[in-house]
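Below is one structure, written out as structure tokens; comments come after it.
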Amino acid sequence: MTSSQVEENNHSDLLGYYNPAFFDMYLNTERDEVFVHEYTHYIQNISTVHGLIHFAYKKIYWLEKFIGCTHPLYNEIQNLCHQKKSLMDHMSEAIGNVKNYPYKSIVVENVNLLWNYKYKEKYDVEILKSVTLDLKVDGDKKSIVFGYKIIKENMARIMQNHFYPINNPSKSTTYYIVEDVVKSYHPNFPINPQNLFALCDIALLFTSDSTQMFFKLLDFCKENNKEYHIKDGTITVTKKIKAA
Ligand SMILES: [Zn+2]
């Protein structure tokens with residue numbers, strides 16, 4: 001769980017949470033699996049491009065929104081905030097609007113990628129504006145935003161389950177949906193916890209826009225017909241050999 005859930009929930013309801021803006025971890029339990037989960041968020045925060053940029057944006061956002069700094073020292077930060085207001089709003093919306101549905105059965109009916117082609121002609125760059133998922137959650141139609149929070153939470157949950165396996169987990173979209181999204185988007189992707197963890201980690205590693213990287217990686221796997229093997233922390237890419 002992250003600080004975003006803190007904004008939506010009462011702190012005392014959570015077993016633990018991690019605040020990316022302050023490198024703070026809070027535990028309301030002595031259960032080791034909660035520590036492993038929150039510690040994974042800390043590692044995401046300090047070891048990935050997404051984590052470091054998120055830290056900077058969150059810091060600026062908090063300074064502007066909650067402290068309302070007027071000291072001259074903060075002028076530059078305030079100016080940056082106003083110039084980048086849409087970015088700040090986007091960051092806060094992406095955190096606050098994630099819906100978490102518990103489920104026994106789930107079907108990913110559509111993965112909707114909304115692209116911005118504004119810079120396509122001039123720079124040959126496409127920007128992924130948003131990803132929404134059309135789901136059947138225990139038979140009911142639902143729609144949720146797929147964003148970096150889901151990537152981070154699935155990664156933390158996989159790490160937690162690796163050390164503290166659960167036989168019959170109670171699943172929910174925020175913590176478990178990545179596997180079903182990958183199955184829907186790239187049915188031939190070799191699904192196992194290590195590969196899903198690596199996919200999420202790479203998505204966070206190289207860019208602040210981890211959602212776009214997540215789907216670009218899957219596109220790359222599809223287009224190049226490669227197989228990925230992970231051993232001893234190293235990802236090996238091999239060309240898939242077609243049977244004669
Ligand atoms: Zn978490």
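Quick note on naming: the chains in the structure tokens go A, B, ... in the order shown, residues restart at 1 in each chain, and ligands are numbered from 1 in order of appearance.
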
Which residues of chain A sit at most 10 Å from ligand 1, using only C-alpha atoms and all ligand atoms? Give each one's shortest atom pair and distance in Å (one decimal place), in chain and ascending residue order, as a tab-separated table.
```
residue	atom	partner	partner_atom_place_in_ligand_line	distance
A:Met1	CA	ligand 1	1 (Zn)	2.6
A:Thr2	CA	ligand 1	1 (Zn)	5.0
A:Ser3	CA	ligand 1	1 (Zn)	8.7
A:Ser4	CA	ligand 1	1 (Zn)	9.4
A:Gln5	CA	ligand 1	1 (Zn)	8.6
A:Gly16	CA	ligand 1	1 (Zn)	8.2
A:Tyr17	CA	ligand 1	1 (Zn)	6.7
A:Tyr18	CA	ligand 1	1 (Zn)	7.4
A:Val34	CA	ligand 1	1 (Zn)	8.9
A:Val36	CA	ligand 1	1 (Zn)	9.9
A:His37	CA	ligand 1	1 (Zn)	6.2
A:Glu38	CA	ligand 1	1 (Zn)	6.1
A:Tyr39	CA	ligand 1	1 (Zn)	9.3
A:Thr40	CA	ligand 1	1 (Zn)	8.3
A:His41	CA	ligand 1	1 (Zn)	6.7
A:Lys149	CA	ligand 1	1 (Zn)	8.5
A:Ile150	CA	ligand 1	1 (Zn)	9.1
A:Lys152	CA	ligand 1	1 (Zn)	7.1
A:Glu153	CA	ligand 1	1 (Zn)	4.7
A:Asn154	CA	ligand 1	1 (Zn)	8.0
A:Met155	CA	ligand 1	1 (Zn)	8.7
A:Ala156	CA	ligand 1	1 (Zn)	6.1
A:Arg157	CA	ligand 1	1 (Zn)	7.2
A:Gln160	CA	ligand 1	1 (Zn)	9.9
A:Thr174	CA	ligand 1	1 (Zn)	9.1
A:Tyr175	CA	ligand 1	1 (Zn)	8.0
```

Subject >> Close residues, Asn192 (chain A) itself excluded, 12 Å, only C-alpha atoms, min 2 positions apart in chain, as a ChimeraX atom specification >> reply: /A:158,162,178-180,182-183,188-190,194-199,228-230

Original post:
How many Å separate CA of Asp24 (chain A) from CA of Val98 (chain A)?
Top reply: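 Interatomic distance, CA of Asp24 (chain A) to CA of Val98 (chain A): 21.8 Å.
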
**OP:** Determine the nearest neighbour of Thr207 (chain A) from the options A:Tyr185, A:Phe220, A:Tyr148, A:Tyr103, counting only C-alpha atoms.
**Re:**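 Among the listed residues, A:Tyr148 lies closest to Thr207 (chain A).
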
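Distances from A:Asn100, A:Gln212, A:Gln44, A:Asn224 to Tyr176 (chain A) were compared using only C-alpha atoms, and the smallest one belongs to A:Asn100.
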
Original post:
Which of these, A:Asp134, A:Asp32, A:Pro187, A:Val108, has the shortest distance to Asp219 (chain A) once you count only C-alpha atoms?
Top reply: A:Pro187
